[in-house]
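Participant: File model_6.txt below, compact mmCIF, C-alpha atoms:
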```
# COMPACT_ATOMS: atom_id res chain seq x y z
CA MET A 5 -11.54 -139.26 117.22
CA ASP A 6 -13.17 -137.15 114.50
CA LYS A 7 -16.51 -137.23 116.32
CA PHE A 8 -14.91 -136.15 119.59
CA ARG A 9 -13.06 -133.39 117.75
CA MET A 10 -16.31 -132.16 116.19
CA ILE A 11 -18.05 -132.18 119.57
CA PHE A 12 -15.17 -130.27 121.17
CA GLN A 13 -15.17 -127.67 118.38
CA PHE A 14 -18.94 -127.23 118.75
CA LEU A 15 -18.59 -126.69 122.49
CA GLN A 16 -15.81 -124.19 121.91
CA SER A 17 -17.89 -122.25 119.39
CA ASN A 18 -20.97 -122.29 121.60
CA GLN A 19 -19.96 -120.73 124.92
CA GLU A 20 -23.29 -121.36 126.65
CA SER A 21 -23.34 -125.07 125.76
CA PHE A 22 -19.74 -125.43 126.83
CA MET A 23 -20.33 -123.82 130.24
CA SER A 24 -23.52 -125.82 130.75
CA GLY A 25 -21.56 -129.00 130.09
CA ILE A 26 -18.83 -127.95 132.52
CA CYS A 27 -21.41 -127.19 135.22
CA GLY A 28 -23.08 -130.55 134.65
CA ILE A 29 -19.74 -132.33 135.03
CA MET A 30 -19.08 -130.39 138.24
CA ALA A 31 -22.51 -131.40 139.57
CA LEU A 32 -21.76 -135.07 138.94
CA ALA A 33 -18.33 -134.61 140.48
CA SER A 34 -19.83 -133.05 143.61
CA ALA A 35 -22.14 -136.04 144.10
CA GLN A 36 -19.22 -138.41 143.57
CA MET A 37 -17.09 -136.43 146.02
CA TYR A 38 -19.75 -136.72 148.72
CA SER A 39 -20.09 -140.47 148.19
CA ALA A 40 -16.32 -140.85 148.55
CA PHE A 41 -16.14 -138.50 151.55
CA ASP A 42 -15.69 -140.15 154.95
CA PHE A 43 -18.06 -138.31 157.30
CA ASN A 44 -16.83 -138.55 160.91
CA CYS A 45 -18.99 -136.78 163.45
CA PRO A 46 -16.98 -135.60 166.52
CA CYS A 47 -19.86 -136.65 168.83
CA LEU A 48 -19.13 -133.84 171.28
CA PRO A 49 -21.56 -131.17 172.46
CA GLY A 50 -20.87 -127.88 170.71
CA TYR A 51 -18.62 -129.43 168.05
CA ASN A 52 -21.29 -131.40 166.22
CA VAL A 53 -23.11 -128.33 164.91
CA VAL A 54 -19.92 -126.56 163.82
CA TYR A 55 -18.61 -129.63 162.00
CA SER A 56 -21.91 -130.35 160.29
CA MET A 57 -22.48 -126.77 159.17
CA GLY A 58 -18.94 -126.69 157.81
CA ILE A 59 -19.56 -129.82 155.75
CA LEU A 60 -22.92 -128.52 154.57
CA LEU A 61 -21.82 -124.99 153.59
CA THR A 62 -18.07 -124.93 152.86
CA PRO A 63 -17.95 -127.33 149.86
CA PRO A 64 -20.89 -125.58 148.13
CA LEU A 65 -19.09 -122.25 148.50
CA VAL A 66 -15.92 -123.75 147.02
CA LEU A 67 -17.89 -125.30 144.14
CA PHE A 68 -19.66 -121.99 143.47
CA LEU A 69 -16.35 -120.11 143.28
CA LEU A 70 -14.90 -122.80 141.02
CA GLY A 71 -17.92 -122.48 138.76
CA LEU A 72 -17.30 -118.72 138.47
CA VAL A 73 -13.55 -119.14 137.95
CA MET A 74 -13.99 -121.72 135.19
CA ASN A 75 -16.37 -119.39 133.36
CA ASN A 76 -14.45 -117.29 130.84
CA ASN A 77 -17.00 -114.48 131.11
CA ILE A 78 -15.99 -113.63 134.69
CA SER A 79 -12.96 -111.67 133.45
CA MET A 80 -15.10 -110.01 130.78
CA LEU A 81 -17.66 -109.01 133.43
CA ALA A 82 -14.96 -107.59 135.73
CA GLU A 83 -13.39 -105.67 132.85
CA GLU A 84 -16.72 -104.23 131.76
CA TRP A 85 -17.60 -103.26 135.34
CA LYS A 86 -14.26 -101.57 136.15
CA ARG A 87 -13.46 -99.92 132.82
CA PRO A 88 -13.74 -96.12 132.49
CA PRO A 89 -16.94 -95.04 130.73
CA GLY A 90 -15.06 -93.07 128.07
CA ARG A 91 -17.07 -92.72 124.87
CA ARG A 92 -19.24 -95.77 125.63
CA ALA A 93 -21.57 -95.73 128.62
CA LYS A 94 -22.01 -98.80 130.80
CA ASP A 95 -25.32 -100.62 130.81
CA PRO A 96 -26.22 -102.00 134.27
CA ALA A 97 -28.82 -104.31 132.73
CA VAL A 98 -26.13 -106.04 130.65
CA LEU A 99 -23.89 -106.45 133.70
CA ARG A 100 -26.78 -107.93 135.68
CA TYR A 101 -27.62 -110.32 132.85
CA MET A 102 -24.01 -111.50 132.59
CA PHE A 103 -23.69 -112.05 136.34
CA CYS A 104 -27.04 -113.83 136.63
CA SER A 105 -26.18 -116.08 133.70
CA MET A 106 -22.87 -117.08 135.30
CA ALA A 107 -24.37 -117.45 138.78
CA GLN A 108 -27.17 -119.73 137.55
CA ARG A 109 -24.68 -122.17 136.03
CA ALA A 110 -22.26 -121.94 138.96
CA LEU A 111 -25.06 -122.76 141.45
CA ILE A 112 -25.79 -126.18 139.92
CA ALA A 113 -22.97 -128.03 141.70
CA PRO A 114 -23.60 -126.42 145.15
CA VAL A 115 -27.32 -127.23 144.90
CA VAL A 116 -26.50 -130.87 144.13
CA TRP A 117 -24.13 -131.04 147.11
CA VAL A 118 -26.69 -129.61 149.56
CA ALA A 119 -29.46 -131.85 148.21
CA VAL A 120 -27.33 -135.01 148.43
CA THR A 121 -26.17 -134.08 151.94
CA LEU A 122 -29.72 -133.57 153.22
CA LEU A 123 -31.05 -136.70 151.55
CA ASP A 124 -28.24 -138.77 153.06
CA GLY A 125 -29.02 -137.46 156.57
CA LYS A 126 -25.62 -137.94 158.24
CA CYS A 127 -24.90 -134.23 158.47
CA PHE A 128 -28.35 -133.40 159.87
CA LEU A 129 -28.10 -136.28 162.34
CA CYS A 130 -24.75 -135.02 163.63
CA ALA A 131 -25.91 -131.42 163.91
CA PHE A 132 -29.28 -131.88 165.66
CA CYS A 133 -28.83 -135.08 167.67
CA THR A 134 -28.86 -133.06 170.89
CA ALA A 135 -32.31 -131.66 169.98
CA VAL A 136 -34.08 -135.03 169.92
CA PRO A 137 -37.27 -134.95 172.04
CA VAL A 138 -36.29 -137.57 174.62
CA ALA A 139 -39.52 -137.13 176.55
CA THR A 140 -41.50 -138.24 173.47
CA LEU A 141 -39.23 -140.89 171.94
CA GLY A 142 -37.46 -142.27 175.02
CA ASN A 143 -37.77 -142.75 178.75
CA GLY A 144 -39.12 -139.35 179.73
CA SER A 145 -39.23 -140.20 183.44
CA LEU A 146 -35.41 -140.20 183.64
CA VAL A 147 -34.91 -136.84 181.96
CA PRO A 148 -35.62 -134.60 185.01
CA GLY A 149 -33.06 -136.50 187.07
CA LEU A 150 -30.21 -135.91 184.58
CA PRO A 151 -28.20 -132.69 184.54
CA ALA A 152 -28.30 -130.75 181.27
CA PRO A 153 -24.56 -131.24 180.45
CA GLU A 154 -24.85 -135.02 181.00
CA LEU A 155 -27.96 -135.23 178.81
CA ALA A 156 -26.23 -133.26 176.05
CA ARG A 157 -23.17 -135.52 176.28
CA LEU A 158 -25.29 -138.65 175.91
CA LEU A 159 -27.32 -137.33 172.97
CA ALA A 160 -24.19 -136.01 171.20
CA ARG A 161 -22.98 -139.63 170.90
CA VAL A 162 -26.03 -140.82 168.97
CA PRO A 163 -24.24 -140.60 165.55
CA CYS A 164 -21.38 -142.77 166.90
CA PRO A 165 -22.69 -146.32 167.57
CA GLU A 166 -19.35 -147.54 168.94
CA ILE A 167 -19.34 -145.08 171.86
CA TYR A 168 -23.07 -144.51 172.47
CA ASP A 169 -24.05 -145.76 175.93
CA GLY A 170 -27.51 -144.19 176.42
CA ASN A 171 -29.85 -146.96 175.30
CA TRP A 172 -31.35 -146.95 178.79
CA LEU A 173 -32.50 -143.38 178.09
CA LEU A 174 -33.21 -143.41 174.34
CA ALA A 175 -32.79 -146.16 171.76
CA ARG A 176 -30.23 -145.07 169.18
CA GLU A 177 -32.15 -146.52 166.21
CA VAL A 178 -35.23 -144.48 167.14
CA ALA A 179 -33.25 -141.22 167.24
CA VAL A 180 -31.46 -142.00 163.96
CA ARG A 181 -34.69 -142.78 162.10
CA TYR A 182 -36.39 -139.69 163.51
CA LEU A 183 -33.62 -137.29 162.44
CA ARG A 184 -33.06 -138.92 159.04
CA CYS A 185 -36.75 -138.63 158.21
CA ILE A 186 -36.66 -134.92 158.95
CA SER A 187 -33.44 -134.52 156.94
CA GLN A 188 -34.88 -136.31 153.91
CA ALA A 189 -38.05 -134.25 154.10
CA LEU A 190 -35.94 -131.08 154.10
CA GLY A 191 -33.84 -132.44 151.23
CA TRP A 192 -36.84 -133.15 148.99
CA SER A 193 -38.33 -129.77 149.91
CA PHE A 194 -35.05 -128.10 148.97
CA VAL A 195 -34.99 -129.93 145.61
CA LEU A 196 -38.60 -128.92 144.92
CA LEU A 197 -38.02 -125.27 145.80
CA THR A 198 -34.84 -124.98 143.70
CA THR A 199 -36.57 -126.66 140.77
CA LEU A 200 -39.52 -124.27 140.98
CA LEU A 201 -37.18 -121.30 141.30
CA ALA A 202 -35.18 -122.42 138.26
CA PHE A 203 -38.41 -122.82 136.32
CA VAL A 204 -39.53 -119.31 137.23
CA VAL A 205 -36.17 -117.76 136.38
CA ARG A 206 -35.71 -119.57 133.07
CA SER A 207 -39.21 -119.44 131.65
CA VAL A 208 -41.50 -117.02 133.47
CA ARG A 209 -39.17 -114.01 133.82
CA PRO A 210 -38.56 -113.46 130.07
CA CYS A 211 -42.31 -113.41 129.50
CA PHE A 212 -42.75 -110.28 131.62
CA THR A 213 -39.59 -108.40 130.54
CA GLN A 214 -39.07 -109.75 127.04
CA VAL A 215 -37.76 -106.51 125.49
CA ALA A 216 -35.27 -105.80 128.28
CA PHE A 217 -34.25 -109.46 128.31
CA LEU A 218 -33.54 -109.49 124.56
CA LYS A 219 -31.56 -106.23 124.75
CA SER A 220 -29.41 -107.48 127.63
CA LYS A 221 -28.81 -110.81 125.92
CA TYR A 222 -27.88 -109.18 122.62
CA TRP A 223 -25.35 -106.74 124.09
CA SER A 224 -23.90 -109.44 126.32
CA HIS A 225 -23.19 -111.54 123.21
CA TYR A 226 -21.83 -108.43 121.48
CA ILE A 227 -19.31 -107.76 124.27
CA ASP A 228 -18.15 -111.36 124.15
CA ILE A 229 -17.74 -111.35 120.36
CA GLU A 230 -16.06 -107.92 120.39
CA ARG A 231 -13.51 -109.14 122.89
CA LYS A 232 -12.73 -112.25 120.81
CA LEU A 233 -12.37 -110.24 117.60
CA PHE A 234 -10.14 -107.70 119.35
CA ASP A 235 -7.88 -110.49 120.62
CA GLU A 236 -7.71 -112.02 117.14
CA THR A 237 -6.88 -108.64 115.59
CA CYS A 238 -4.17 -108.00 118.19
CA THR A 239 -2.68 -111.45 117.52
CA GLU A 240 -2.68 -110.82 113.76
CA HIS A 241 -1.11 -107.38 114.19
CA ALA A 242 1.54 -108.66 116.61
CA LYS A 243 2.45 -111.47 114.21
CA ALA A 244 2.83 -109.03 111.30
CA PHE A 245 4.81 -106.59 113.46
CA ALA A 246 7.17 -109.35 114.60
CA LYS A 247 7.73 -110.54 111.01
CA VAL A 248 8.62 -107.04 109.81
CA CYS A 249 10.98 -106.47 112.75
CA ILE A 250 12.75 -109.79 112.16
CA GLN A 251 13.11 -109.10 108.44
CA GLN A 252 14.59 -105.67 109.14
CA PHE A 253 16.98 -107.21 111.68
CA PHE A 254 18.32 -109.76 109.22
CA GLU A 255 18.56 -107.18 106.47
CA ALA A 256 20.64 -104.95 108.77
CA MET A 257 22.82 -107.88 109.79
CA ASN A 258 23.39 -108.79 106.15
CA HIS A 259 24.40 -105.22 105.39
CA ASP A 260 26.88 -105.14 108.30
CA LEU A 261 28.42 -108.43 107.23
CA GLU A 262 28.90 -107.19 103.68
CA LEU A 263 30.61 -104.01 104.95
CA GLY A 264 32.91 -106.01 107.22
CA HIS A 265 34.46 -107.94 104.28
CA THR A 266 33.89 -111.30 105.90
CA HIS A 267 35.25 -114.54 104.47
CA GLY A 268 33.62 -115.99 101.43
CA VAL A 269 32.25 -119.03 103.16
CA LEU A 270 30.66 -116.97 105.91
CA ALA A 271 29.25 -114.48 103.42
CA THR A 272 27.78 -117.26 101.31
CA ALA A 273 26.20 -118.94 104.33
CA THR A 274 24.80 -115.61 105.54
CA ALA A 275 23.35 -114.80 102.15
CA THR A 276 21.73 -118.22 101.95
CA ALA A 277 20.21 -117.84 105.42
CA THR A 278 19.00 -114.34 104.60
CA GLU A 279 17.34 -115.50 101.41
CA ALA A 280 15.64 -118.30 103.36
CA VAL A 281 14.35 -115.90 105.99
CA GLN A 282 13.32 -113.05 103.70
CA SER A 283 9.95 -113.31 102.06
CA PRO A 284 9.07 -112.07 98.55
CA SER A 285 8.39 -108.41 97.98
CA ASP A 286 4.67 -108.81 97.67
CA ARG A 287 4.61 -110.77 100.92
CA THR A 288 6.55 -108.03 102.70
CA GLU A 289 4.18 -105.37 101.45
CA GLU A 290 1.24 -107.44 102.65
CA GLU A 291 2.76 -107.76 106.12
CA ARG A 292 3.38 -104.01 106.22
CA GLU A 293 -0.21 -103.32 105.27
CA LYS A 294 -1.37 -105.42 108.23
CA LEU A 295 0.37 -102.95 110.56
CA ARG A 296 -2.28 -100.34 109.69
CA GLY A 297 0.18 -97.48 110.16
CA ILE A 298 1.27 -98.59 113.65
CA THR A 299 5.03 -99.04 113.34
CA ASP A 300 6.41 -98.36 116.83
CA GLN A 301 5.82 -99.46 120.40
CA GLY A 302 4.68 -96.08 121.71
CA THR A 303 1.89 -95.77 119.13
CA MET A 304 0.67 -99.27 119.91
CA ASN A 305 0.66 -98.57 123.66
CA ARG A 306 -1.35 -95.38 123.10
CA LEU A 307 -3.81 -97.31 120.96
CA LEU A 308 -4.30 -99.99 123.62
CA THR A 309 -4.70 -97.32 126.31
CA SER A 310 -7.30 -95.54 124.19
CA TRP A 311 -9.18 -98.82 123.67
CA HIS A 312 -9.36 -99.36 127.43
CA LYS A 313 -10.19 -95.79 128.46
CA CYS A 314 -12.54 -94.75 125.66
CA LYS A 315 -13.94 -97.59 123.63
CA PRO A 316 -15.58 -96.51 120.36
CA PRO A 317 -19.30 -95.78 120.54
CA LEU A 318 -21.70 -98.46 119.38
CA ARG A 319 -22.55 -97.02 115.99
CA VAL A 320 -21.11 -97.93 112.64
CA GLY A 321 -21.12 -94.49 110.99
CA GLN A 322 -19.27 -92.62 113.73
CA GLU A 323 -18.38 -89.00 113.04
CA ALA A 324 -15.01 -89.02 114.79
CA PRO A 325 -13.10 -92.19 113.91
CA LEU A 326 -9.94 -93.18 115.76
CA MET A 327 -6.72 -91.96 114.19
CA SER A 328 -3.56 -94.01 113.78
CA ASN A 329 -2.25 -92.86 117.17
CA GLY A 330 -5.28 -94.25 119.00
CA GLN A 331 -6.92 -90.84 119.65
CA ALA A 332 -10.29 -89.75 118.33
CA GLY A 333 -10.10 -87.48 115.33
CA SER A 334 -11.58 -84.02 115.65
CA GLU A 335 -12.79 -83.83 112.08
CA SER A 336 -14.58 -86.41 110.06
CA ARG A 337 -13.01 -87.71 106.91
CA PRO A 338 -14.51 -86.34 103.68
CA PRO A 339 -16.61 -88.81 101.78
CA ARG A 340 -14.95 -90.62 98.93
CA LYS A 341 -15.98 -89.43 95.48
CA GLU A 342 -16.66 -92.02 92.85
CA VAL A 343 -15.52 -91.01 89.35
CA ALA A 344 -16.75 -92.93 86.36
CA THR A 345 -14.55 -93.00 83.26
CA TYR A 346 -15.81 -94.10 79.89
CA PHE A 347 -13.59 -95.41 77.14
CA SER A 348 -14.59 -95.58 73.54
CA LYS A 349 -13.02 -97.47 70.73
CA VAL A 350 -11.66 -95.39 67.97
```
Show the structure stored in the file as structure tokens.

Facilitator:
Amino acid sequence: MDKFRMIFQFLQSNQESFMSGICGIMALASAQMYSAFDFNCPCLPGYNVVYSMGILLTPPLVLFLLGLVMNNNISMLAEEWKRPPGRRAKDPAVLRYMFCSMAQRALIAPVVWVAVTLLDGKCFLCAFCTAVPVATLGNGSLVPGLPAPELARLLARVPCPEIYDGNWLLAREVAVRYLRCISQALGWSFVLLTTLLAFVVRSVRPCFTQVAFLKSKYWSHYIDIERKLFDETCTEHAKAFAKVCIQQFFEAMNHDLELGHTHGVLATATATATEAVQSPSDRTEEEREKLRGITDQGTMNRLLTSWHKCKPPLRVGQEAPLMSNGQAGSESRPPRKEVATYFSKV
């Protein structure tokens, strides 16, 4: 259990490794889903293509959206794209890097689904069975005597061996082998092209735009870390604020009970409960210091609004720091003077 806990903590600390693992699991799940899926071709002219294209394209779209939804950075990307510029300008290069990073991982499962579907050949056989060259593979002398709707009806039944009755025109095994060979050739070509494209994106692109790539990657990590630290700070502040409010509530209740001249037993029980709830004086002062001067709901709401509308600029020594009410100060604080005092023994 300790090893699994260490692995889980490592994946949580490393967002890229965690999302890569999730995408790999989804890719394996997509292949397992296709193997468990019962493919039933309608074997009707006009319906075969629609059904096959739906099986080929709909699950990859669903898997792609799931890959984006399961990525925690999708909300961060949407927030960064929709937020007001304020005091911090938006960087389109960072937004593009974040979206491309998420899209690359989310495309793994759809690519696996399409590749497995083409290599299996059932979907391609159902979609293009009516396009088999009968004149080349079958009895071409009978083709001119058949009406086009009747020929399409016969060829549409090729994927269904239990209802196919056109062996006198074209042997079913010949048509199946012909279409599956083409499907497998397309499947391996698709795998080769996606592999080459992934190689180019992952290794060749940074070589040409290394500086821009490093800048986008750095600020993308910064936005992620800034969001996490802001959430942690808000959680710490809310916890301290709640503690102070609860302590004040019990102190007020204790005062009201003492003024009401309650019975001795009730007063004793209340005093005991109050002593158990109240913390020491140094602890209370520490909790009050965590509030950072924000002691009411309105000030906190203004601070959160200011964080959303005008985030602080990306420089450490800013001239106009944010005041306690969440607004930018008009004047900079004077520098602190250091005074050295020397003591001598008499």

Participant: Neighbouring residues of Ala93 (chain A) were defined as those with any atom within 9 Å, considering only C-alpha atoms; residues of the same chain fewer than 4 positions away were excluded. Please report them as a PyMOL selection string.

Facilitator: chain A and resi 88-89+317

Participant: Could you give me, as a count of residues only, the residues within 8 Å of region 73-77 of chain A, counting all atoms listed in the file and dropping anything in the same chain fewer than 3 positions from it?

Facilitator: 8

Participant: Enumerate, as a ChimeraX atom specification, the protein, DNA and RNA residues whose atoms approach (-30.3, -139.0, 178.9) to within 7 Å, taking into account only C-alpha atoms and the coordinate frame of the file.

Facilitator: /A:147,150,155,158-159,170,173-174

Participant: How many Å separate CA of Leu67 (chain A) from CA of Leu197 (chain A)?

Facilitator: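 Computed distance, CA of Leu67 (chain A) to CA of Leu197 (chain A), equals 20.2 Å.
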
Participant: Nearest residue to Pro163 (chain A) out of A:Met57, A:Cys130, A:Ala244, A:Leu141, using only C-alpha atoms?

Facilitator: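 Under the stated criterion, the closest residue is A:Cys130.
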
Participant: Taking into account all atoms listed in the file, which residue in the set A:Pro64, A:Pro96, A:Gly28, A:Gly58 is nearest to Ala119 (chain A)?

Facilitator: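 The shortest atom-to-atom distance to Ala119 (chain A) comes from A:Pro64.
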
Participant: May I ask which of the residues A:Ala82, A:Val195, A:Cys47, A:Leu111 is the closest one to Pro165 (chain A), counting only C-alpha atoms?

Facilitator: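 Between A:Ala82, A:Val195, A:Cys47, A:Leu111, the residue approaching Pro165 (chain A) most closely is A:Cys47.
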
Participant: For Tyr222 (chain A), which residue among A:Leu123, A:Leu308, A:Ala97, A:Val320 is the nearest when counting all atoms listed in the file?

Facilitator: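 The shortest atom-to-atom distance to Tyr222 (chain A) comes from A:Ala97.
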
Participant: How many Å separate CA of Gly191 (chain A) from CA of Leu122 (chain A)?

Facilitator: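 So the two atoms, CA of Gly191 (chain A) and CA of Leu122 (chain A), lie 4.7 Å apart.
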
Participant: Could you check the closest approach to Leu72 (chain A) for each of A:Lys126, A:Arg100, A:Lys86, A:Arg109 and tell me which residue wins, using all atoms listed in the file?

Facilitator: A:Arg109

Participant: Just the number, please: distance in Å from CA of Thr299 (chain A) to CA of Trp311 (chain A), one decimal.

Facilitator: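 Answer for the CA of Thr299 (chain A) to CA of Trp311 (chain A) separation: 17.6 Å.
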
Participant: Nearest to Phe217 (chain A) among A:Ser105, A:Gln188, A:Thr140, A:Thr303, with distances taken over all atoms listed in the file: which residue is it?

Facilitator: A:Ser105

Participant: Which residues are near region 229-238 of chain A? Cut-off 12 Å, only C-alpha atoms, ignore same chain within fewer than 5 positions. Put them as a ChimeraX atom specification.

Facilitator: /A:17-19,76-77,79-81,83-84,222-224,243-246,294-296,298,304-305,307-308,311-312,315-316,318

Participant: Rebuild region 76-99 of chain A to N, CA and C atoms - output it as an mmCIF file, in the frame of the given file, please.

Facilitator:
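Once written, rebuild.cif looks like this:
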```cif
data_model
loop_
_atom_site.group_PDB
_atom_site.id
_atom_site.type_symbol
_atom_site.label_atom_id
_atom_site.label_comp_id
_atom_site.auth_asym_id
_atom_site.auth_seq_id
_atom_site.Cartn_x
_atom_site.Cartn_y
_atom_site.Cartn_z
ATOM 1 N N ASN A 76 -15.302 -118.291 131.476
ATOM 2 C CA ASN A 76 -14.450 -117.290 130.840
ATOM 3 C C ASN A 76 -15.048 -115.888 130.899
ATOM 4 N N ASN A 77 -16.351 -115.791 131.100
ATOM 5 C CA ASN A 77 -17.000 -114.480 131.110
ATOM 6 C C ASN A 77 -16.776 -113.713 132.402
ATOM 7 N N ILE A 78 -16.196 -114.345 133.428
ATOM 8 C CA ILE A 78 -15.990 -113.630 134.690
ATOM 9 C C ILE A 78 -14.985 -112.497 134.511
ATOM 10 N N SER A 79 -13.924 -112.735 133.713
ATOM 11 C CA SER A 79 -12.960 -111.670 133.450
ATOM 12 C C SER A 79 -13.578 -110.590 132.572
ATOM 13 N N MET A 80 -14.416 -110.993 131.632
ATOM 14 C CA MET A 80 -15.100 -110.010 130.780
ATOM 15 C C MET A 80 -16.045 -109.149 131.601
ATOM 16 N N LEU A 81 -16.756 -109.768 132.564
ATOM 17 C CA LEU A 81 -17.660 -109.010 133.430
ATOM 18 C C LEU A 81 -16.879 -108.029 134.306
ATOM 19 N N ALA A 82 -15.760 -108.483 134.884
ATOM 20 C CA ALA A 82 -14.960 -107.590 135.730
ATOM 21 C C ALA A 82 -14.371 -106.441 134.919
ATOM 22 N N GLU A 83 -13.936 -106.731 133.691
ATOM 23 C CA GLU A 83 -13.390 -105.670 132.850
ATOM 24 C C GLU A 83 -14.455 -104.660 132.466
ATOM 25 N N GLU A 84 -15.639 -105.131 132.133
ATOM 26 C CA GLU A 84 -16.720 -104.230 131.760
ATOM 27 C C GLU A 84 -17.207 -103.406 132.941
ATOM 28 N N TRP A 85 -17.133 -103.979 134.147
ATOM 29 C CA TRP A 85 -17.600 -103.260 135.340
ATOM 30 C C TRP A 85 -16.594 -102.207 135.790
ATOM 31 N N LYS A 86 -15.285 -102.478 135.634
ATOM 32 C CA LYS A 86 -14.260 -101.570 136.150
ATOM 33 C C LYS A 86 -13.736 -100.594 135.106
ATOM 34 N N ARG A 87 -14.039 -100.786 133.838
ATOM 35 C CA ARG A 87 -13.460 -99.920 132.820
ATOM 36 C C ARG A 87 -14.004 -98.499 132.939
ATOM 37 N N PRO A 88 -13.222 -97.492 132.517
ATOM 38 C CA PRO A 88 -13.740 -96.120 132.490
ATOM 39 C C PRO A 88 -14.842 -95.992 131.442
ATOM 40 N N PRO A 89 -15.848 -95.158 131.707
ATOM 41 C CA PRO A 89 -16.940 -95.040 130.730
ATOM 42 C C PRO A 89 -16.476 -94.569 129.367
ATOM 43 N N GLY A 90 -15.585 -93.535 129.344
ATOM 44 C CA GLY A 90 -15.060 -93.070 128.070
ATOM 45 C C GLY A 90 -16.150 -92.621 127.125
ATOM 46 N N ARG A 91 -16.085 -93.094 125.886
ATOM 47 C CA ARG A 91 -17.070 -92.720 124.870
ATOM 48 C C ARG A 91 -18.201 -93.732 124.776
ATOM 49 N N ARG A 92 -18.184 -94.767 125.620
ATOM 50 C CA ARG A 92 -19.240 -95.770 125.630
ATOM 51 C C ARG A 92 -19.756 -95.944 127.047
ATOM 52 N N ALA A 93 -20.993 -95.627 127.279
ATOM 53 C CA ALA A 93 -21.570 -95.730 128.620
ATOM 54 C C ALA A 93 -21.787 -97.189 128.994
ATOM 55 N N LYS A 94 -21.753 -97.451 130.295
ATOM 56 C CA LYS A 94 -22.010 -98.800 130.800
ATOM 57 C C LYS A 94 -23.515 -99.025 130.932
ATOM 58 N N ASP A 95 -23.914 -100.250 130.699
ATOM 59 C CA ASP A 95 -25.320 -100.620 130.810
ATOM 60 C C ASP A 95 -25.467 -101.567 132.001
ATOM 61 N N PRO A 96 -26.070 -101.104 133.110
ATOM 62 C CA PRO A 96 -26.220 -102.000 134.270
ATOM 63 C C PRO A 96 -27.041 -103.240 133.969
ATOM 64 N N ALA A 97 -27.996 -103.144 133.054
ATOM 65 C CA ALA A 97 -28.820 -104.310 132.730
ATOM 66 C C ALA A 97 -27.974 -105.419 132.098
ATOM 67 N N VAL A 98 -27.014 -105.037 131.273
ATOM 68 C CA VAL A 98 -26.130 -106.040 130.650
ATOM 69 C C VAL A 98 -25.247 -106.696 131.703
ATOM 70 N N LEU A 99 -24.726 -105.885 132.632
ATOM 71 C CA LEU A 99 -23.890 -106.450 133.700
ATOM 72 C C LEU A 99 -24.700 -107.406 134.572
#
```
